[in-house]
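The structure appears below as structure tokens.
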Amino acid sequence: MKPLFSHGPLPGYRLLLCVLASAALMFVDTRFTRMEEIRAQLSTVVAPIQWAVSIPSDVLNWGSLALSDQRALLEENRRLREQILTLSHRVQRMASLTAENVRLRELLEAGDQNDVPFITAELLSLDPDPFAHQMVIDRGRRNGAYVGQPVMDASGLVGQVTAVSAYSSRVLLLADASHALPVQVNRNGLRFIVQGGGRYDALNVLHVPDTADIREGDLLVTSGLAGRFPAGYPVARVAEVVHDPGQPFARVTATPVAQLQRSRHFLLLFPPPVPDVDESAWVHELTPEAVEAARALIGLTPDEETP
């Protein structure tokens with residue numbers, strides 16, 4: 001007696017259908033921007049699953065903390081008390097320095113530098129792709145997150161937000177090879193570009209002249225020139241400077257100061273917007289004498305018009 005349904009060639013057809021559907025989806029994803037909205041909606045749907053997946057690790061962390069040895073807790077308590085005393089001493093000194101800074105700013109008629117607002121976030125997941133250094137955090141559009149927003153941890157700059165859904169955001173880390181940002185040497189103000197090298201412990205400092213005053217141990221901070229990252233936040237510390245004889249540029253590598261592989265809690269900064277500059281207004285500020293001098297320099301007569 002033959003079965004009612006035959007399962008001979010059907011699995012092969014199903015596999016072929018899945019392959020064709022996958023190829024079609026990849027083509028649509030690369031050709032049409034509409035898929036960004038669909039991906040954002042899917043991220044919203046997947047957010048509860050990501051929260052649920054992180055529950056076991058949170059439970060294990062809580063259990064390991066609850067079962068910690070009493071001696072380790074006492075030692076940590078002693079270290080924290082020492083840190084409190086040290087920080088208390090610094091705060092006492094900081095009060096006088098702050099007052100002195102206010103008096104100097106009043107002499108210079110400079111405005112106050114307000115702190116950058118921020119919100120806290122927690123890690124949800126890491127990208128499993130070994131060639132992509134990205135993570136997902138538990139703050140999204142409902143919390144005010146936006147694309148391009150700087151992300152910090154307790155030590156320094158971590159990266160920036162590249163995609164936002166309602167309840168979660170995707171962050172591109174400094175270590176990713178596609179990430180670059182302008183920095184400056186905190187010691188002397190020299191400005192360079194730092195690019196990720198595809199490793200968590202190494203960044204590349206690009207186009208450093210062989211005669212530039214940059215040394216191992218120099219702290220690199222954000223320069224604020226790109227308008228996306230506020231100035232003065234620590235990014236990396238120079239690890240190696242190699243001078244090649246006959247080459248115009250030195251090979252400089254740096255180590256991120258942020259704990260890219262360890263941090264679970266982050267800050268999302270809200271820097272003030274960069275004011276727009278009306279460059280056309282500069283022309284109206286030129287005096288007639290300056291305009292005539294410019295015309296004479298390029299060989300125009302007074303009755304000729306510039307193109």
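Following the order of the structure tokens, first chain is A, next is B, and so on, with residues numbered from 1 inside each chain and ligands from 1 in the order they appear.
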
Which neighbours of region 264-266 of chain A fall inside 8 Å, counting only C-alpha atoms, when residues of the same chain fewer than 2 positions from it are skipped, and could you give them as an MDAnalysis selection string?
-> chainID A and resid 120:123 151:154 262 268

Extract, using only C-alpha atoms, all DNA, RNA and protein residues at most 10 Å from Arg215 (chain A), discarding same-chain residues fewer than 5 positions from it, and format them as a count of residues only.
-> 8

Tell me which protein, DNA and RNA residues are within 10 Å of region 46-62 of chain A, counting only C-alpha atoms, leaving out same-chain ones fewer than 6 positions away, and put them as a PDB file with N, CA and C atoms, in the first residue's frame.
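Result file is selection_20.pdb:
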```pdb
ATOM      1  N   ALA A  40      14.513  48.169  10.962  1.00  0.00           N
ATOM      2  CA  ALA A  40      14.251  48.824  12.242  1.00  0.00           C
ATOM      3  C   ALA A  40      13.028  48.225  12.928  1.00  0.00           C
ATOM      4  N   LEU A 123      24.438  46.818  27.713  1.00  0.00           N
ATOM      5  CA  LEU A 123      24.696  45.932  26.585  1.00  0.00           C
ATOM      6  C   LEU A 123      23.629  44.850  26.488  1.00  0.00           C
ATOM      7  N   LEU A 124      23.124  44.646  25.253  1.00  0.00           N
ATOM      8  CA  LEU A 124      22.195  43.547  24.992  1.00  0.00           C
ATOM      9  C   LEU A 124      22.878  42.379  24.294  1.00  0.00           C
ATOM     10  N   SER A 125      23.643  42.663  23.248  1.00  0.00           N
ATOM     11  CA  SER A 125      24.298  41.588  22.512  1.00  0.00           C
ATOM     12  C   SER A 125      25.464  42.156  21.718  1.00  0.00           C
ATOM     13  N   VAL A 136      24.685  45.811  20.385  1.00  0.00           N
ATOM     14  CA  VAL A 136      23.313  46.312  20.512  1.00  0.00           C
ATOM     15  C   VAL A 136      23.094  46.693  21.975  1.00  0.00           C
ATOM     16  N   ILE A 137      22.556  47.897  22.212  1.00  0.00           N
ATOM     17  CA  ILE A 137      22.283  48.390  23.557  1.00  0.00           C
ATOM     18  C   ILE A 137      20.785  48.586  23.730  1.00  0.00           C
ATOM     19  N   ASP A 138      20.367  48.733  24.994  1.00  0.00           N
ATOM     20  CA  ASP A 138      18.932  48.738  25.318  1.00  0.00           C
ATOM     21  C   ASP A 138      18.342  50.148  25.368  1.00  0.00           C
ATOM     22  N   SER A 165      16.229  51.624  16.575  1.00  0.00           N
ATOM     23  CA  SER A 165      14.847  51.164  16.563  1.00  0.00           C
ATOM     24  C   SER A 165      14.140  51.767  17.770  1.00  0.00           C
ATOM     25  N   ALA A 166      12.937  51.336  18.022  1.00  0.00           N
ATOM     26  CA  ALA A 166      12.155  51.957  19.092  1.00  0.00           C
ATOM     27  C   ALA A 166      12.781  51.734  20.466  1.00  0.00           C
ATOM     28  N   TYR A 167      13.311  50.527  20.723  1.00  0.00           N
ATOM     29  CA  TYR A 167      13.787  50.194  22.064  1.00  0.00           C
ATOM     30  C   TYR A 167      15.244  49.760  22.117  1.00  0.00           C
ATOM     31  N   SER A 168      15.953  49.762  21.006  1.00  0.00           N
ATOM     32  CA  SER A 168      17.357  49.352  21.009  1.00  0.00           C
ATOM     33  C   SER A 168      18.100  50.107  19.918  1.00  0.00           C
ATOM     34  N   SER A 169      19.427  50.085  20.013  1.00  0.00           N
ATOM     35  CA  SER A 169      20.277  50.778  19.042  1.00  0.00           C
ATOM     36  C   SER A 169      21.502  49.919  18.761  1.00  0.00           C
TER      37      SER A 169
END
```

For Val183 (chain A), list every protein, DNA or RNA residue within 12 Å, evaluated using only C-alpha atoms, and leave out those in the same chain fewer than 4 positions away; present the list as a ChimeraX atom specification.
-> /A:157,188-195,204-206,218-238,254

Pull N, CA, C and O atoms from the residues just selected and write them as a tab-separated table (two decimals), in the first residue's frame.
```
chain	number	residue	atom	x	y	z
A	157	LEU	N	35.86	56.88	24.98
A	157	LEU	CA	34.94	56.77	23.86
A	157	LEU	C	34.87	55.33	23.37
A	157	LEU	O	35.90	54.67	23.20
A	188	ASN	N	50.18	68.25	23.21
A	188	ASN	CA	50.60	69.41	22.42
A	188	ASN	C	49.56	69.89	21.41
A	188	ASN	O	49.81	70.87	20.70
A	189	GLY	N	48.42	69.20	21.29
A	189	GLY	CA	47.36	69.67	20.40
A	189	GLY	C	47.49	69.26	18.95
A	189	GLY	O	46.67	69.71	18.13
A	190	LEU	N	48.47	68.43	18.58
A	190	LEU	CA	48.58	67.97	17.20
A	190	LEU	C	47.35	67.15	16.82
A	190	LEU	O	46.88	66.32	17.60
A	191	ARG	N	46.85	67.37	15.61
A	191	ARG	CA	45.60	66.72	15.18
A	191	ARG	C	45.88	65.64	14.14
A	191	ARG	O	46.65	65.86	13.20
A	192	PHE	N	45.20	64.50	14.31
A	192	PHE	CA	45.34	63.38	13.39
A	192	PHE	C	43.97	62.70	13.22
A	192	PHE	O	42.98	63.12	13.81
A	193	ILE	N	43.97	61.63	12.41
A	193	ILE	CA	42.79	60.79	12.21
A	193	ILE	C	43.12	59.39	12.75
A	193	ILE	O	44.16	58.83	12.43
A	194	VAL	N	42.21	58.86	13.57
A	194	VAL	CA	42.36	57.51	14.11
A	194	VAL	C	41.33	56.60	13.45
A	194	VAL	O	40.15	56.94	13.39
A	195	GLN	N	41.79	55.45	12.95
A	195	GLN	CA	40.92	54.49	12.28
A	195	GLN	C	41.06	53.13	12.95
A	195	GLN	O	42.14	52.75	13.39
A	204	ASN	N	44.76	52.54	14.37
A	204	ASN	CA	45.80	53.11	13.51
A	204	ASN	C	45.66	54.63	13.47
A	204	ASN	O	44.57	55.16	13.25
A	205	VAL	N	46.76	55.32	13.72
A	205	VAL	CA	46.82	56.77	13.59
A	205	VAL	C	47.35	57.08	12.20
A	205	VAL	O	48.49	56.75	11.88
A	206	LEU	N	46.51	57.71	11.37
A	206	LEU	CA	46.82	57.85	9.95
A	206	LEU	C	47.62	59.12	9.67
A	206	LEU	O	47.45	60.15	10.33
A	218	ASP	N	51.36	58.95	24.76
A	218	ASP	CA	50.55	60.16	24.57
A	218	ASP	C	49.07	59.79	24.55
A	218	ASP	O	48.66	58.80	23.94
A	219	LEU	N	48.27	60.62	25.21
A	219	LEU	CA	46.82	60.43	25.23
A	219	LEU	C	46.20	61.15	24.05
A	219	LEU	O	46.45	62.33	23.81
A	220	LEU	N	45.37	60.42	23.28
A	220	LEU	CA	44.63	61.00	22.15
A	220	LEU	C	43.20	61.26	22.59
A	220	LEU	O	42.53	60.35	23.10
A	221	VAL	N	42.73	62.48	22.41
A	221	VAL	CA	41.38	62.87	22.80
A	221	VAL	C	40.64	63.37	21.57
A	221	VAL	O	41.25	63.73	20.55
A	222	THR	N	39.30	63.40	21.65
A	222	THR	CA	38.51	63.91	20.54
A	222	THR	C	38.81	65.39	20.33
A	222	THR	O	38.92	66.17	21.28
A	223	SER	N	38.94	65.78	19.07
A	223	SER	CA	39.24	67.18	18.75
A	223	SER	C	37.99	68.02	18.57
A	223	SER	O	38.06	69.24	18.64
A	224	GLY	N	36.85	67.37	18.29
A	224	GLY	CA	35.61	68.12	18.09
A	224	GLY	C	35.49	68.75	16.73
A	224	GLY	O	34.51	69.47	16.46
A	225	LEU	N	36.43	68.49	15.80
A	225	LEU	CA	36.41	69.15	14.50
A	225	LEU	C	35.31	68.63	13.59
A	225	LEU	O	34.77	69.38	12.79
A	226	ALA	N	34.97	67.35	13.69
A	226	ALA	CA	33.96	66.80	12.80
A	226	ALA	C	32.55	67.22	13.19
A	226	ALA	O	31.62	67.05	12.41
A	227	GLY	N	32.38	67.75	14.40
A	227	GLY	CA	31.06	68.18	14.83
A	227	GLY	C	30.19	67.07	15.39
A	227	GLY	O	29.08	67.33	15.84
A	228	ARG	N	30.68	65.82	15.36
A	228	ARG	CA	29.89	64.70	15.88
A	228	ARG	C	30.28	64.34	17.30
A	228	ARG	O	29.42	64.07	18.13
A	229	PHE	N	31.59	64.31	17.58
A	229	PHE	CA	32.06	63.98	18.92
A	229	PHE	C	32.49	65.27	19.62
A	229	PHE	O	33.28	66.03	19.06
A	230	PRO	N	32.01	65.52	20.83
A	230	PRO	CA	32.47	66.72	21.56
A	230	PRO	C	33.94	66.62	21.89
A	230	PRO	O	34.49	65.52	22.04
A	231	ALA	N	34.59	67.76	22.00
A	231	ALA	CA	36.04	67.80	22.19
A	231	ALA	C	36.41	67.42	23.62
A	231	ALA	O	35.67	67.66	24.57
A	232	GLY	N	37.61	66.82	23.76
A	232	GLY	CA	38.19	66.58	25.06
A	232	GLY	C	37.95	65.22	25.67
A	232	GLY	O	38.44	64.96	26.77
A	233	TYR	N	37.25	64.29	24.99
A	233	TYR	CA	37.00	62.98	25.56
A	233	TYR	C	38.12	62.01	25.16
A	233	TYR	O	38.53	61.96	24.00
A	234	PRO	N	38.64	61.21	26.11
A	234	PRO	CA	39.76	60.30	25.80
A	234	PRO	C	39.34	59.21	24.81
A	234	PRO	O	38.25	58.64	24.91
A	235	VAL	N	40.23	58.93	23.86
A	235	VAL	CA	39.97	57.93	22.83
A	235	VAL	C	40.95	56.78	22.93
A	235	VAL	O	40.55	55.61	23.00
A	236	ALA	N	42.25	57.08	22.91
A	236	ALA	CA	43.25	56.02	22.88
A	236	ALA	C	44.56	56.57	23.43
A	236	ALA	O	44.72	57.78	23.61
A	237	ARG	N	45.48	55.64	23.68
A	237	ARG	CA	46.82	56.01	24.13
A	237	ARG	C	47.83	55.40	23.16
A	237	ARG	O	47.71	54.22	22.80
A	238	VAL	N	48.79	56.21	22.72
A	238	VAL	CA	49.76	55.76	21.73
A	238	VAL	C	50.57	54.60	22.30
A	238	VAL	O	51.14	54.69	23.39
A	254	ALA	N	47.75	52.80	18.37
A	254	ALA	CA	47.29	53.24	19.68
A	254	ALA	C	46.35	52.19	20.25
A	254	ALA	O	45.75	51.39	19.51
```

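Picture a line from CA of Asp176 (chain A) to CA of Ala258 (chain A); it runs 13.9 Å.
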
Identify all residues of region 86-202 of chain A in alpha helix (DSSP H) (DSSP on the backbone) and supply them as a ChimeraX atom specification.
-> /A:86-108

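Every protein or nucleic acid residue with an atom no more than 10 Å from Gln261 (chain A), counting only C-alpha atoms and leaving out same-chain residues fewer than 5 positions away, appears here: Leu126, Tyr200 and Asp201 of chain A.
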
Print the selection's residues with all heavy atoms to a file, as a PDB file, in the first residue's frame.
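What ended up in result14.pdb:
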```
ATOM      1  N   LEU A 126      26.373  41.261  21.323  1.00  0.00           N
ATOM      2  CA  LEU A 126      27.502  41.596  20.455  1.00  0.00           C
ATOM      3  C   LEU A 126      27.302  40.943  19.101  1.00  0.00           C
ATOM      4  O   LEU A 126      26.712  39.853  19.002  1.00  0.00           O
ATOM      5  CB  LEU A 126      28.823  41.118  21.068  1.00  0.00           C
ATOM      6  CG  LEU A 126      29.318  41.868  22.305  1.00  0.00           C
ATOM      7  CD1 LEU A 126      30.529  41.144  22.890  1.00  0.00           C
ATOM      8  CD2 LEU A 126      29.694  43.298  21.954  1.00  0.00           C
ATOM      9  N   TYR A 200      40.375  44.677  18.784  1.00  0.00           N
ATOM     10  CA  TYR A 200      39.910  45.432  19.936  1.00  0.00           C
ATOM     11  C   TYR A 200      41.038  46.191  20.638  1.00  0.00           C
ATOM     12  O   TYR A 200      40.776  47.158  21.345  1.00  0.00           O
ATOM     13  CB  TYR A 200      39.239  44.494  20.942  1.00  0.00           C
ATOM     14  CG  TYR A 200      37.856  44.063  20.542  1.00  0.00           C
ATOM     15  CD1 TYR A 200      37.613  42.770  20.090  1.00  0.00           C
ATOM     16  CD2 TYR A 200      36.779  44.943  20.614  1.00  0.00           C
ATOM     17  CE1 TYR A 200      36.347  42.370  19.714  1.00  0.00           C
ATOM     18  CE2 TYR A 200      35.504  44.553  20.248  1.00  0.00           C
ATOM     19  CZ  TYR A 200      35.290  43.262  19.795  1.00  0.00           C
ATOM     20  OH  TYR A 200      34.038  42.879  19.426  1.00  0.00           O
ATOM     21  N   ASP A 201      42.272  45.751  20.456  1.00  0.00           N
ATOM     22  CA  ASP A 201      43.369  46.340  21.218  1.00  0.00           C
ATOM     23  C   ASP A 201      44.273  47.231  20.387  1.00  0.00           C
ATOM     24  O   ASP A 201      45.350  47.623  20.851  1.00  0.00           O
ATOM     25  CB  ASP A 201      44.211  45.236  21.861  1.00  0.00           C
ATOM     26  CG  ASP A 201      44.798  44.282  20.819  1.00  0.00           C
ATOM     27  OD1 ASP A 201      44.367  44.334  19.648  1.00  0.00           O
ATOM     28  OD2 ASP A 201      45.687  43.487  21.179  1.00  0.00           O
TER      29      ASP A 201
END
```

Every residue of region 12-251 of chain A that DSSP places in strand (DSSP E or B), as an MDAnalysis selection string = chainID A and resid 118:126 134:137 150:152 157:164 169:173 180:185 191:199 202:209 219:222 234:242 249:251
